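Trainee: Sharing target.tsv (TSV, C-alpha atoms) below.
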```tsv
chain	number	residue	atom	x	y	z
C	892	MET	CA	28.93	5.51	2.75
C	893	ASP	CA	28.26	1.94	3.93
C	894	LYS	CA	24.78	0.59	3.60
C	895	GLU	CA	24.06	0.38	7.34
C	896	ARG	CA	24.72	4.08	7.56
C	897	ILE	CA	22.49	4.86	4.59
C	898	ILE	CA	19.65	2.80	6.02
C	899	ALA	CA	20.10	4.36	9.46
C	900	GLU	CA	19.85	7.81	7.90
C	901	TRP	CA	16.79	6.91	5.86
C	902	PHE	CA	15.18	5.35	8.90
C	903	GLU	CA	15.74	8.53	10.87
C	904	VAL	CA	14.24	10.69	8.13
C	905	TYR	CA	11.39	8.57	6.77
C	906	SER	CA	10.31	6.05	9.43
C	907	ASP	CA	7.54	8.24	10.87
C	908	ASP	CA	6.11	8.94	7.43
C	909	ILE	CA	6.13	5.31	6.43
C	910	TYR	CA	4.74	4.27	9.82
C	911	ASN	CA	1.76	6.58	9.23
C	912	PHE	CA	1.32	5.33	5.70
C	913	LEU	CA	1.20	1.73	6.93
C	914	ILE	CA	-1.37	2.51	9.63
C	915	TYR	CA	-3.63	4.17	7.06
C	916	ARG	CA	-3.03	1.58	4.35
C	917	VAL	CA	-3.23	-1.62	6.43
C	918	GLY	CA	-6.01	-0.20	8.60
C	919	GLU	CA	-4.47	-1.54	11.80
C	920	THR	CA	-1.94	-0.29	14.32
C	921	ASP	CA	0.36	-3.29	14.71
C	922	VAL	CA	2.61	-2.37	11.82
C	923	ASP	CA	5.96	-2.22	13.65
C	924	ASP	CA	7.24	-5.45	12.10
C	925	LEU	CA	6.11	-4.28	8.72
C	926	LEU	CA	7.96	-1.00	9.12
C	927	GLN	CA	11.15	-2.86	9.99
C	928	GLU	CA	10.59	-5.15	7.01
C	929	VAL	CA	10.50	-2.09	4.72
C	930	PHE	CA	14.00	-1.09	5.80
C	931	ILE	CA	15.35	-4.64	5.82
C	932	LYS	CA	14.09	-5.07	2.27
C	933	SER	CA	15.56	-1.77	1.23
C	934	MET	CA	18.91	-2.70	2.77
C	935	ASN	CA	18.89	-6.04	0.95
C	936	GLY	CA	17.92	-4.34	-2.29
C	937	LEU	CA	20.25	-1.39	-1.94
C	938	ASP	CA	22.51	-2.68	-4.72
C	939	SER	CA	19.63	-2.46	-7.19
C	940	TYR	CA	18.56	0.98	-5.98
C	941	GLU	CA	19.23	3.61	-8.57
C	942	GLY	CA	21.03	6.44	-6.84
C	943	ASN	CA	19.24	9.11	-8.82
C	944	ALA	CA	15.81	7.87	-7.67
C	945	ASN	CA	14.21	9.55	-4.71
C	946	PRO	CA	14.78	7.28	-1.68
C	947	LYS	CA	11.47	8.38	-0.19
C	948	THR	CA	9.38	7.22	-3.16
C	949	TRP	CA	11.45	4.03	-3.40
C	950	LEU	CA	10.83	3.24	0.28
C	951	PHE	CA	7.13	4.02	-0.05
C	952	SER	CA	6.79	1.70	-3.04
C	953	ILE	CA	8.40	-1.08	-0.97
C	954	ALA	CA	6.05	-0.22	1.91
C	955	ARG	CA	3.03	-0.34	-0.35
C	956	HIS	CA	3.87	-3.79	-1.68
C	957	LEU	CA	4.50	-5.09	1.80
C	958	ALA	CA	1.20	-3.58	2.96
C	959	ILE	CA	-0.69	-5.35	0.17
C	960	ASP	CA	0.95	-8.66	1.11
C	961	GLU	CA	0.20	-8.05	4.75
C	962	ILE	CA	-3.47	-7.29	4.17
C	963	ARG	CA	-3.77	-10.51	2.24
C	964	ARG	CA	-1.93	-12.44	4.94
C	965	ARG	CA	-4.09	-10.99	7.71
C	966	GLN	CA	-7.19	-11.74	5.76
C	967	HIS	CA	-6.08	-15.35	5.39
C	968	HIS	CA	-5.39	-15.49	9.07
C	969	LYS	CA	-8.81	-14.06	9.85
C	970	TRP	CA	-10.42	-16.76	7.78
C	971	LYS	CA	-8.36	-19.44	9.44
C	972	SER	CA	-8.63	-18.08	12.94
C	973	VAL	CA	-11.43	-20.45	13.82
C	974	ILE	CA	-8.86	-23.23	13.93
C	975	PRO	CA	-8.13	-23.90	17.60
C	976	PHE	CA	-4.80	-22.64	19.00
C	977	ASP	CA	-3.92	-20.79	15.80
C	978	SER	CA	-4.92	-17.40	17.12
C	979	ALA	CA	-2.52	-17.71	20.05
C	980	LYS	CA	0.43	-17.41	17.68
C	981	THR	CA	-0.30	-13.92	16.46
C	982	PRO	CA	-1.14	-11.50	19.22
C	983	LYS	CA	-3.05	-8.58	17.89
C	984	SER	CA	-2.70	-5.04	19.09
C	985	GLU	CA	-5.57	-3.83	21.25
C	986	GLU	CA	-5.03	-0.28	20.07
C	987	THR	CA	-7.23	0.73	17.19
C	988	PRO	CA	-6.06	3.18	14.52
C	989	GLU	CA	-8.84	5.50	15.63
C	990	LYS	CA	-7.39	5.56	19.14
C	991	LEU	CA	-3.75	5.77	18.08
C	992	LEU	CA	-4.41	8.58	15.63
C	993	ASP	CA	-6.72	10.21	18.15
C	994	LEU	CA	-9.41	10.55	15.52
C	995	LYS	CA	-12.35	12.76	16.31
C	996	GLU	CA	-15.80	11.83	15.05
C	997	GLU	CA	-15.51	13.44	11.61
C	998	ASN	CA	-12.01	12.06	11.01
C	999	LYS	CA	-13.11	8.64	12.23
C	1000	LYS	CA	-15.81	8.59	9.62
C	1001	LEU	CA	-13.41	9.73	6.91
C	1002	TYR	CA	-10.87	7.10	7.96
C	1003	GLY	CA	-13.55	4.40	7.92
C	1004	VAL	CA	-14.77	5.38	4.48
C	1005	ILE	CA	-11.23	5.41	3.08
C	1006	GLN	CA	-10.78	1.87	4.40
C	1007	SER	CA	-13.97	0.77	2.63
C	1008	LEU	CA	-12.77	1.95	-0.79
C	1009	LYS	CA	-10.99	-0.27	-3.22
C	1010	ALA	CA	-7.23	-0.55	-3.05
C	1011	ASN	CA	-6.41	1.80	-5.94
C	1012	TYR	CA	-8.43	4.58	-4.40
C	1013	ARG	CA	-7.02	3.99	-0.93
C	1014	ASP	CA	-3.47	4.13	-2.29
C	1015	VAL	CA	-3.90	7.37	-4.14
C	1016	LEU	CA	-5.93	9.07	-1.39
C	1017	ILE	CA	-3.36	8.23	1.24
C	1018	LEU	CA	-0.32	9.11	-0.85
C	1019	ARG	CA	-1.61	12.13	-2.70
C	1020	GLY	CA	-4.20	13.37	-0.22
C	1021	ILE	CA	-2.92	12.55	3.24
C	1022	LYS	CA	0.83	12.21	2.66
C	1023	GLU	CA	0.81	15.11	0.16
C	1024	PHE	CA	3.07	13.51	-2.43
C	1025	SER	CA	3.18	15.33	-5.75
C	1026	VAL	CA	1.51	13.76	-8.79
C	1027	SER	CA	4.85	12.61	-10.17
C	1028	GLU	CA	5.97	11.14	-6.83
C	1029	THR	CA	2.66	9.34	-6.37
C	1030	ALA	CA	2.90	8.02	-9.91
C	1031	GLU	CA	6.43	6.78	-9.23
C	1032	ILE	CA	5.38	4.94	-6.06
C	1033	LEU	CA	2.35	3.35	-7.67
C	1034	GLY	CA	4.02	2.61	-10.98
C	1035	TRP	CA	1.32	4.54	-12.83
C	1036	THR	CA	1.45	7.31	-15.40
C	1037	GLU	CA	0.86	10.83	-14.15
C	1038	ASN	CA	-2.41	10.95	-16.10
C	1039	LYS	CA	-3.68	7.80	-14.46
C	1040	THR	CA	-2.64	9.17	-11.07
C	1041	ARG	CA	-4.56	12.40	-11.65
C	1042	SER	CA	-7.71	10.72	-12.93
C	1043	THR	CA	-7.72	8.01	-10.27
C	1044	TYR	CA	-7.25	10.61	-7.53
C	1045	HIS	CA	-10.16	12.56	-8.96
C	1046	ARG	CA	-12.37	9.46	-9.09
C	1047	ALA	CA	-11.28	8.41	-5.60
C	1048	LYS	CA	-12.26	11.80	-4.23
C	1049	GLN	CA	-15.63	11.61	-5.96
C	1050	ALA	CA	-16.21	8.18	-4.44
C	1051	LEU	CA	-15.17	9.47	-1.04
C	1052	LYS	CA	-17.47	12.48	-1.28
C	1053	LYS	CA	-20.37	10.31	-2.31
C	1054	LYS	CA	-19.87	7.90	0.56
C	1055	LEU	CA	-19.58	10.80	2.99
C	1056	GLY	CA	-23.02	11.91	1.91
C	1057	GLY	CA	-22.27	15.19	0.20
C	1058	GLN	CA	-20.47	16.62	3.21
C	1059	PHE	CA	-17.60	17.90	1.08
C	1060	ASP	CA	-19.50	18.86	-2.06
C	1061	GLU	CA	-18.46	22.30	-3.26
A	920	MET	CA	-3.43	22.36	-7.93
A	921	ASN	CA	-6.56	24.00	-6.58
A	922	LYS	CA	-7.27	22.46	-3.25
A	923	ASP	CA	-10.89	21.89	-2.38
A	924	ARG	CA	-12.24	21.24	1.09
A	925	LEU	CA	-11.71	17.52	0.82
A	926	ASP	CA	-8.04	17.97	-0.16
A	927	GLN	CA	-7.60	20.22	2.85
A	928	LYS	CA	-9.37	17.75	5.08
A	929	LEU	CA	-7.21	14.87	3.88
A	930	GLN	CA	-4.06	16.88	4.47
A	931	SER	CA	-5.14	17.66	7.99
A	932	MET	CA	-5.72	14.02	8.93
A	933	PRO	CA	-3.76	13.25	12.12
A	934	LYS	CA	-0.31	11.69	11.98
A	935	VAL	CA	1.52	9.92	14.77
A	936	LYS	CA	5.20	9.79	15.61
A	937	LEU	CA	7.08	6.73	16.72
A	938	GLU	CA	8.46	6.99	20.22
A	939	GLU	CA	12.24	7.48	20.25
A	940	HIS	CA	13.03	4.37	22.28
A	941	LYS	CA	10.89	2.29	19.94
A	942	LYS	CA	12.65	3.80	16.96
A	943	ARG	CA	16.09	2.99	18.35
A	944	LYS	CA	15.05	-0.58	19.06
A	945	MET	CA	13.65	-0.99	15.57
A	946	LEU	CA	16.76	0.34	13.89
A	947	GLN	CA	18.88	-1.99	15.99
A	948	ASN	CA	16.70	-4.93	14.88
A	949	ILE	CA	17.01	-3.91	11.25
A	950	LEU	CA	20.77	-3.66	11.32
A	951	GLU	CA	21.15	-6.87	13.33
A	952	ARG	CA	18.86	-8.74	10.99
A	953	ASP	CA	20.99	-7.68	8.05
A	954	GLU	CA	24.17	-8.93	9.74
A	955	SER	CA	22.63	-12.29	10.58
A	956	GLU	CA	21.35	-12.66	7.02
A	957	GLU	CA	24.79	-11.85	5.66
A	958	GLN	CA	26.39	-14.54	7.81
A	959	LEU	CA	23.77	-17.03	6.78
A	960	GLY	CA	24.36	-16.10	3.16
A	961	ASP	CA	28.12	-16.76	3.44
A	962	SER	CA	27.69	-20.21	4.93
A	963	ARG	CA	25.04	-21.06	2.36
A	964	ILE	CA	27.37	-20.26	-0.51
A	965	LYS	CA	30.18	-22.41	0.88
A	966	GLY	CA	28.20	-25.62	1.07
A	967	TRP	CA	25.64	-25.02	-1.63
A	968	PHE	CA	26.75	-27.24	-4.47
A	969	ILE	CA	27.75	-30.23	-2.41
A	970	SER	CA	25.01	-30.31	0.18
A	971	VAL	CA	21.99	-32.54	0.08
A	972	GLY	CA	20.09	-29.59	1.52
A	973	GLY	CA	21.02	-27.55	-1.53
A	974	THR	CA	19.66	-30.20	-3.86
A	975	LEU	CA	16.45	-30.41	-1.89
A	976	ALA	CA	16.10	-26.64	-1.90
A	977	VAL	CA	16.51	-26.57	-5.69
A	978	ALA	CA	13.85	-29.26	-6.02
A	979	LEU	CA	11.52	-27.34	-3.72
A	980	LEU	CA	12.14	-24.10	-5.58
A	981	ALA	CA	11.37	-25.82	-8.87
A	982	MET	CA	8.15	-27.15	-7.36
A	983	VAL	CA	7.16	-23.70	-6.17
A	984	ILE	CA	7.86	-22.18	-9.57
A	985	PHE	CA	6.37	-24.83	-11.80
A	986	VAL	CA	3.73	-26.60	-9.75
A	987	MET	CA	2.25	-24.35	-7.11
A	988	PRO	CA	-0.06	-21.62	-8.37
A	989	SER	CA	0.78	-18.19	-7.07
A	990	GLY	CA	-0.53	-14.68	-7.47
A	991	PRO	CA	1.48	-11.50	-7.81
A	992	PHE	CA	1.83	-11.10	-4.06
A	993	GLY	CA	2.54	-14.71	-3.22
A	994	GLY	CA	-1.06	-15.79	-2.50
A	995	ALA	CA	-3.04	-18.26	-4.57
A	996	ALA	CA	-3.59	-17.29	-8.19
A	997	PHE	CA	-6.99	-16.00	-9.22
A	998	LEU	CA	-8.92	-18.11	-11.67
A	999	ALA	CA	-7.98	-17.00	-15.18
A	1000	GLU	CA	-5.91	-14.27	-13.58
A	1001	GLU	CA	-4.37	-12.91	-16.74
A	1002	GLU	CA	-7.76	-12.45	-18.41
A	1003	LEU	CA	-9.23	-11.04	-15.20
A	1004	ARG	CA	-6.54	-8.38	-15.02
A	1005	GLY	CA	-7.33	-7.41	-18.58
A	1006	ILE	CA	-10.94	-6.45	-17.73
A	1007	GLU	CA	-10.78	-2.66	-17.57
A	1008	GLU	CA	-14.47	-2.29	-16.70
A	1009	LEU	CA	-13.71	-3.48	-13.17
A	1010	GLU	CA	-11.64	-0.37	-12.51
A	1011	LYS	CA	-14.66	1.90	-12.36
A	1012	PHE	CA	-16.10	0.32	-9.20
A	1013	ASP	CA	-15.35	1.90	-5.83
A	1014	HIS	CA	-15.99	-1.05	-3.57
A	1015	VAL	CA	-13.67	-3.88	-2.66
A	1016	LEU	CA	-13.38	-6.52	-5.38
A	1017	LYS	CA	-12.85	-10.16	-4.52
A	1018	PHE	CA	-12.65	-13.10	-6.86
A	1019	PRO	CA	-12.23	-16.85	-6.51
A	1020	THR	CA	-8.91	-18.62	-6.58
A	1021	TYR	CA	-10.46	-22.07	-6.74
A	1022	ALA	CA	-12.91	-23.94	-8.95
A	1023	PRO	CA	-13.40	-27.71	-9.13
A	1024	PHE	CA	-12.95	-27.61	-12.89
A	1025	GLU	CA	-10.49	-26.16	-15.39
A	1026	ILE	CA	-11.44	-22.70	-16.57
A	1027	GLY	CA	-11.52	-22.14	-20.31
A	1028	GLU	CA	-12.89	-18.69	-21.00
A	1029	ILE	CA	-14.13	-15.86	-18.87
A	1030	GLU	CA	-16.31	-12.88	-19.71
A	1031	TYR	CA	-17.25	-9.66	-18.01
A	1032	ASP	CA	-20.89	-9.18	-17.14
A	1033	GLU	CA	-22.93	-6.34	-15.64
A	1034	LEU	CA	-26.31	-6.15	-13.98
A	1035	TYR	CA	-28.08	-2.86	-14.57
A	1036	TRP	CA	-30.42	-1.41	-11.91
A	1037	GLY	CA	-31.31	2.01	-13.34
A	1038	ASP	CA	-34.09	3.40	-15.50
A	1039	ARG	CA	-34.77	2.16	-18.99
A	1040	GLU	CA	-36.49	4.14	-21.69
A	1041	PRO	CA	-37.13	3.59	-25.38
A	1042	LYS	CA	-34.82	5.50	-27.69
A	1043	ASP	CA	-34.44	5.04	-31.44
A	1044	GLY	CA	-36.40	1.80	-31.27
A	1045	GLN	CA	-34.11	0.35	-28.64
A	1046	VAL	CA	-34.04	0.17	-24.88
A	1047	HIS	CA	-31.81	2.91	-23.52
A	1048	TYR	CA	-30.15	2.45	-20.13
A	1049	VAL	CA	-30.45	5.95	-18.71
A	1050	GLN	CA	-27.74	5.57	-16.04
A	1051	GLY	CA	-25.81	2.94	-17.95
A	1052	ASP	CA	-22.48	4.74	-17.47
A	1053	ASP	CA	-22.91	5.25	-13.77
A	1054	PRO	CA	-21.26	2.49	-11.68
A	1055	ASP	CA	-23.81	3.21	-8.93
A	1056	TYR	CA	-26.42	1.52	-11.07
A	1057	LEU	CA	-24.25	-1.42	-12.10
A	1058	THR	CA	-23.18	-4.65	-10.46
A	1059	PRO	CA	-20.01	-6.17	-11.88
A	1060	GLY	CA	-19.88	-9.86	-12.60
A	1061	ILE	CA	-17.60	-12.43	-14.14
A	1062	ASN	CA	-18.65	-15.59	-15.94
A	1063	TYR	CA	-16.15	-18.43	-15.85
A	1064	PHE	CA	-16.70	-21.27	-18.31
A	1065	SER	CA	-15.30	-24.75	-17.82
A	1066	GLU	CA	-12.77	-26.01	-20.33
A	1067	GLU	CA	-14.04	-29.58	-20.58
A	1068	GLU	CA	-17.13	-31.73	-20.19
A	1069	PRO	CA	-19.27	-31.66	-18.17
A	1070	ARG	CA	-19.84	-27.99	-18.96
A	1071	TYR	CA	-20.17	-25.62	-16.04
A	1072	GLN	CA	-20.59	-21.88	-15.84
A	1073	LEU	CA	-19.55	-20.14	-12.65
A	1074	THR	CA	-20.99	-16.65	-12.29
A	1075	VAL	CA	-19.77	-14.21	-9.67
A	1076	TYR	CA	-21.48	-10.91	-8.82
A	1077	LEU	CA	-20.22	-8.36	-6.32
A	1078	ASP	CA	-22.66	-5.72	-5.26
A	1079	ASP	CA	-22.54	-2.98	-2.66
A	1080	GLN	CA	-26.01	-1.50	-2.85
A	1081	HIS	CA	-28.66	-3.38	-4.79
A	1082	MET	CA	-28.49	-7.00	-3.71
A	1083	GLN	CA	-29.63	-8.23	-0.35
A	1084	LEU	CA	-29.34	-11.53	1.42
A	1085	SER	CA	-32.67	-13.22	1.03
A	1086	GLU	CA	-34.57	-14.18	4.14
A	1087	LYS	CA	-36.46	-16.86	2.25
A	1088	ASP	CA	-36.90	-20.06	4.21
A	1089	ASP	CA	-36.03	-22.31	1.32
A	1090	PHE	CA	-32.42	-21.09	1.36
A	1091	GLU	CA	-30.18	-23.30	3.43
A	1092	ALA	CA	-27.96	-21.53	5.97
A	1093	VAL	CA	-24.28	-22.46	5.69
A	1094	THR	CA	-21.20	-21.03	7.33
A	1095	LEU	CA	-18.04	-20.02	5.49
A	1096	ASN	CA	-14.82	-20.58	7.38
A	1097	GLY	CA	-16.63	-20.72	10.65
A	1098	ASP	CA	-17.80	-17.14	10.90
A	1099	ILE	CA	-19.54	-15.89	7.79
A	1100	GLU	CA	-23.18	-16.74	7.35
A	1101	ALA	CA	-24.17	-17.62	3.82
A	1102	ARG	CA	-27.31	-18.85	2.07
A	1103	TYR	CA	-27.24	-21.81	-0.23
A	1104	ASP	CA	-29.87	-22.74	-2.76
A	1105	GLN	CA	-30.04	-25.58	-5.23
A	1106	ARG	CA	-32.36	-25.97	-8.16
A	1107	GLU	CA	-32.44	-28.27	-11.17
A	1108	PHE	CA	-29.48	-26.84	-13.06
A	1109	VAL	CA	-28.27	-24.13	-10.71
A	1110	GLN	CA	-26.54	-23.98	-7.37
A	1111	GLU	CA	-26.29	-20.60	-5.70
A	1112	LEU	CA	-24.54	-19.14	-2.69
A	1113	LEU	CA	-24.90	-15.64	-1.25
A	1114	TRP	CA	-23.04	-13.97	1.57
A	1115	GLN	CA	-22.07	-10.53	2.73
A	1116	GLU	CA	-18.73	-9.09	3.83
A	1117	GLY	CA	-18.79	-5.48	4.93
A	1118	GLU	CA	-21.02	-3.65	2.52
A	1119	VAL	CA	-20.46	-6.03	-0.38
A	1120	VAL	CA	-22.86	-8.87	-1.17
A	1121	PHE	CA	-21.32	-11.81	-3.00
A	1122	ASN	CA	-23.41	-14.00	-5.22
A	1123	ILE	CA	-22.02	-17.07	-6.92
A	1124	ALA	CA	-24.00	-19.39	-9.13
A	1125	ILE	CA	-22.92	-22.57	-10.85
A	1126	ARG	CA	-24.93	-23.63	-13.85
A	1127	SER	CA	-24.63	-27.04	-15.42
A	1128	ASP	CA	-25.94	-27.82	-18.91
A	1129	GLU	CA	-26.78	-31.38	-18.04
A	1130	GLY	CA	-27.76	-30.92	-14.43
A	1131	ASP	CA	-24.47	-32.36	-13.14
A	1132	LEU	CA	-24.61	-30.63	-9.81
A	1133	LEU	CA	-21.46	-30.27	-7.76
A	1134	PRO	CA	-21.31	-31.33	-4.12
A	1135	LYS	CA	-22.36	-28.44	-1.88
A	1136	GLU	CA	-18.94	-28.62	-0.21
A	1137	GLU	CA	-17.33	-27.66	-3.51
A	1138	ILE	CA	-19.49	-24.54	-3.80
A	1139	ILE	CA	-18.48	-23.60	-0.28
A	1140	LYS	CA	-14.84	-24.22	-1.16
A	1141	ILE	CA	-15.13	-21.81	-4.10
A	1142	ALA	CA	-16.64	-19.17	-1.81
A	1143	GLU	CA	-13.92	-19.66	0.78
A	1144	SER	CA	-11.24	-19.19	-1.87
A	1145	PHE	CA	-12.19	-15.55	-2.62
A	1146	GLU	CA	-9.34	-13.11	-2.25
A	1147	ILE	CA	-9.07	-9.36	-2.59
A	1148	PHE	CA	-8.33	-8.37	-6.15
A	1149	GLU	CA	-6.00	-5.44	-6.69
A	1150	PHE	CA	-5.07	-3.99	-10.04
```
Can you dump the structure from the file as structure tokens?

Mentor:
Amino acid sequence: MDKERIIAEWFEVYSDDIYNFLIYRVGETDVDDLLQEVFIKSMNGLDSYEGNANPKTWLFSIARHLAIDEIRRRQHHKWKSVIPFDSAKTPKSEETPEKLLDLKEENKKLYGVIQSLKANYRDVLILRGIKEFSVSETAEILGWTENKTRSTYHRAKQALKKKLGGQFDE
Amino acid sequence: MNKDRLDQKLQSMPKVKLEEHKKRKMLQNILERDESEEQLGDSRIKGWFISVGGTLAVALLAMVIFVMPSGPFGGAAFLAEEELRGIEELEKFDHVLKFPTYAPFEIGEIEYDELYWGDREPKDGQVHYVQGDDPDYLTPGINYFSEEEPRYQLTVYLDDQHMQLSEKDDFEAVTLNGDIEARYDQREFVQELLWQEGEVVFNIAIRSDEGDLLPKEEIIKIAESFEIFEF
């Protein structure tokens, strides 16, 4: 199968999932370019893709790295946005994640708290918790061991519970 | 896995779907971009070894690799990045971690530091930190020591619940990158800057053995160089 066809198939199957991941991970809604970048990168790197690997986890690991880069880039831009005329170059979406995801009050709070956690916790909560990847899949995407994935997910949930004020304590 | 209420809640978080027309447009962009990159790649190969542009590109690439500092994601490198990444204690903190990528002096060594805010009680003739293992009662910090004379020590603390921006009048108000208010203080051997981003308070202090204070602008430059640190 030629690579355009493979990418087109993967895009059909996984684009919604990765789109959601990016919205949760970047914390903003204007992630269309980033989503395209994931598939462009995967097409360019298709020769190095090991056929026995799960394409979904491979695509998510690309998406995660791009998201980290993007957060850093946006942060830089935010710091530099006081420079006149600079802001005109990067129009920002007016739609907030809360609006796009139609988050109700409780979910809004949960979303906000997830965004306030450190990157490791955010990664594992989104992948394992929200996207429901298995431990081994999450470990593969994050490049961690399964033990580290389990323990970090546990710690991330504890941190989340604490910040939510005991709302989810058993 | 036994799913608790939080697991169930996370799983039920809303998801959105891309609209079909948007999806089609995106896929078209992706496939077109690949074609245009392929064409560009072919023409690059043909003229590579004989073109002046090729030579310049090699020189630029060499400069990027050998001269310009860069972090793992293409941003500026953190100060003493390799050592910083080796500090496992930082992993226990929930809040966002940010560290400087600039200092006006060469960094020699760094060390991990913690401020403890919990109860202390005597135990076996020593002071026992009752909540010493609980990150809620700890503020992480890093000390950076200059490599050469004059000797400086840059200390960075990141705190999400114990530190507060002082309202004292003798702190000078300064602005970081145009929109973050910070407080600057200068004493005989110490210069200090505090600011807050989200829930995290940042405190940097520069100590000089001989009282060789740095220009205030340099302290601000250090503060403005902070970037998010990811393991």

Trainee: What's the 10 Å shell around C:Ile1005, counting only C-alpha atoms, without same-chain residues fewer than 5 positions away, as a PDB file with C-alpha atoms, in the frame of the given file?

Mentor:
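Below is the file around-v3.pdb, written as the result:
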```pdb
ATOM      1  CA  TYR C 915      -3.630   4.170   7.060  1.00  0.00           C
ATOM      2  CA  ARG C 916      -3.030   1.580   4.350  1.00  0.00           C
ATOM      3  CA  GLY C 918      -6.010  -0.200   8.600  1.00  0.00           C
ATOM      4  CA  LYS C 999     -13.110   8.640  12.230  1.00  0.00           C
ATOM      5  CA  LYS C1000     -15.810   8.590   9.620  1.00  0.00           C
ATOM      6  CA  ALA C1010      -7.230  -0.550  -3.050  1.00  0.00           C
ATOM      7  CA  TYR C1012      -8.430   4.580  -4.400  1.00  0.00           C
ATOM      8  CA  ARG C1013      -7.020   3.990  -0.930  1.00  0.00           C
ATOM      9  CA  ASP C1014      -3.470   4.130  -2.290  1.00  0.00           C
ATOM     10  CA  LEU C1016      -5.930   9.070  -1.390  1.00  0.00           C
ATOM     11  CA  ILE C1017      -3.360   8.230   1.240  1.00  0.00           C
ATOM     12  CA  ALA C1047     -11.280   8.410  -5.600  1.00  0.00           C
ATOM     13  CA  LYS C1048     -12.260  11.800  -4.230  1.00  0.00           C
ATOM     14  CA  ALA C1050     -16.210   8.180  -4.440  1.00  0.00           C
ATOM     15  CA  LEU C1051     -15.170   9.470  -1.040  1.00  0.00           C
ATOM     16  CA  LYS C1054     -19.870   7.900   0.560  1.00  0.00           C
ATOM     17  CA  LEU C1055     -19.580  10.800   2.990  1.00  0.00           C
TER      18      LEU C1055
END
```

Trainee: Using all atoms listed in the file, what does the table of chain A residues within 8 Å of chain C look like, with each row giving the shortest atom pair and its distance in Å to one decimal, sorted by chain and ascending number, as CSV?

Mentor:
```
residue,atom,partner,partner_atom,distance
A:Asp923,CA,C:Glu1061,CA,7.6
A:Arg924,CA,C:Phe1059,CA,6.3
A:Leu925,CA,C:Phe1059,CA,5.9
A:Asp926,CA,C:Gly1020,CA,6.0
A:Leu929,CA,C:Ile1021,CA,4.9
A:Gln930,CA,C:Ile1021,CA,4.6
A:Ser931,CA,C:Ile1021,CA,7.3
A:Met932,CA,C:Ile1021,CA,6.5
A:Pro933,CA,C:Leu992,CA,5.9
A:Lys934,CA,C:Asn911,CA,6.2
A:Val935,CA,C:Leu992,CA,6.1
A:Lys936,CA,C:Asp907,CA,5.5
A:Leu937,CA,C:Asp907,CA,6.1
A:Met945,CA,C:Gln927,CA,6.4
A:Leu946,CA,C:Ala899,CA,6.9
A:Asn948,CA,C:Gln927,CA,7.7
A:Ile949,CA,C:Ile931,CA,5.7
A:Leu950,CA,C:Glu895,CA,6.6
A:Arg952,CA,C:Ile931,CA,7.5
A:Asp953,CA,C:Ile931,CA,6.8
A:Phe992,CA,C:Asp960,CA,5.8
A:Gly993,CA,C:Asp960,CA,7.6
A:Gly994,CA,C:Arg963,CA,7.6
A:Phe1012,CA,C:Lys1009,CA,7.9
A:Asp1013,CA,C:Lys1009,CA,5.5
A:His1014,CA,C:Lys1009,CA,5.1
A:Val1015,CA,C:Lys1009,CA,4.5
A:Leu1016,CA,C:Lys1009,CA,7.0
A:Asn1096,CA,C:Trp970,CA,5.8
A:Gly1097,CA,C:Val973,CA,6.1
A:Asp1098,CA,C:Val973,CA,7.7
A:Glu1146,CA,C:Arg963,CA,7.6
A:Ile1147,CA,C:Arg963,CA,7.3
A:Glu1149,CA,C:Ala1010,CA,6.2
A:Phe1150,CA,C:Asn1011,CA,7.2
```

Trainee: Output C-alpha atoms for every residue in that selection, as a tab-separated table (two decimals), keeping the file's coordinate frame.

Mentor:
```tsv
chain	number	residue	atom	x	y	z
A	923	ASP	CA	-10.89	21.89	-2.38
A	924	ARG	CA	-12.24	21.24	1.09
A	925	LEU	CA	-11.71	17.52	0.82
A	926	ASP	CA	-8.04	17.97	-0.16
A	929	LEU	CA	-7.21	14.87	3.88
A	930	GLN	CA	-4.06	16.88	4.47
A	931	SER	CA	-5.14	17.66	7.99
A	932	MET	CA	-5.72	14.02	8.93
A	933	PRO	CA	-3.76	13.25	12.12
A	934	LYS	CA	-0.31	11.69	11.98
A	935	VAL	CA	1.52	9.92	14.77
A	936	LYS	CA	5.20	9.79	15.61
A	937	LEU	CA	7.08	6.73	16.72
A	945	MET	CA	13.65	-0.99	15.57
A	946	LEU	CA	16.76	0.34	13.89
A	948	ASN	CA	16.70	-4.93	14.88
A	949	ILE	CA	17.01	-3.91	11.25
A	950	LEU	CA	20.77	-3.66	11.32
A	952	ARG	CA	18.86	-8.74	10.99
A	953	ASP	CA	20.99	-7.68	8.05
A	992	PHE	CA	1.83	-11.10	-4.06
A	993	GLY	CA	2.54	-14.71	-3.22
A	994	GLY	CA	-1.06	-15.79	-2.50
A	1012	PHE	CA	-16.10	0.32	-9.20
A	1013	ASP	CA	-15.35	1.90	-5.83
A	1014	HIS	CA	-15.99	-1.05	-3.57
A	1015	VAL	CA	-13.67	-3.88	-2.66
A	1016	LEU	CA	-13.38	-6.52	-5.38
A	1096	ASN	CA	-14.82	-20.58	7.38
A	1097	GLY	CA	-16.63	-20.72	10.65
A	1098	ASP	CA	-17.80	-17.14	10.90
A	1146	GLU	CA	-9.34	-13.11	-2.25
A	1147	ILE	CA	-9.07	-9.36	-2.59
A	1149	GLU	CA	-6.00	-5.44	-6.69
A	1150	PHE	CA	-5.07	-3.99	-10.04
```

Trainee: Would you mind reading off the distance between atom CA of A:Ser1127 and atom CA of A:Gly1060, one decimal, in Å?

Mentor: 18.0 Å

Trainee: Of the candidates A:Lys922, A:Lys942, A:Lys1017, A:Phe1064, which one gets nearest to C:Tyr905 if we count all atoms listed in the file?

Mentor: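 Looking at the shortest contact to C:Tyr905, the residue is A:Lys942.
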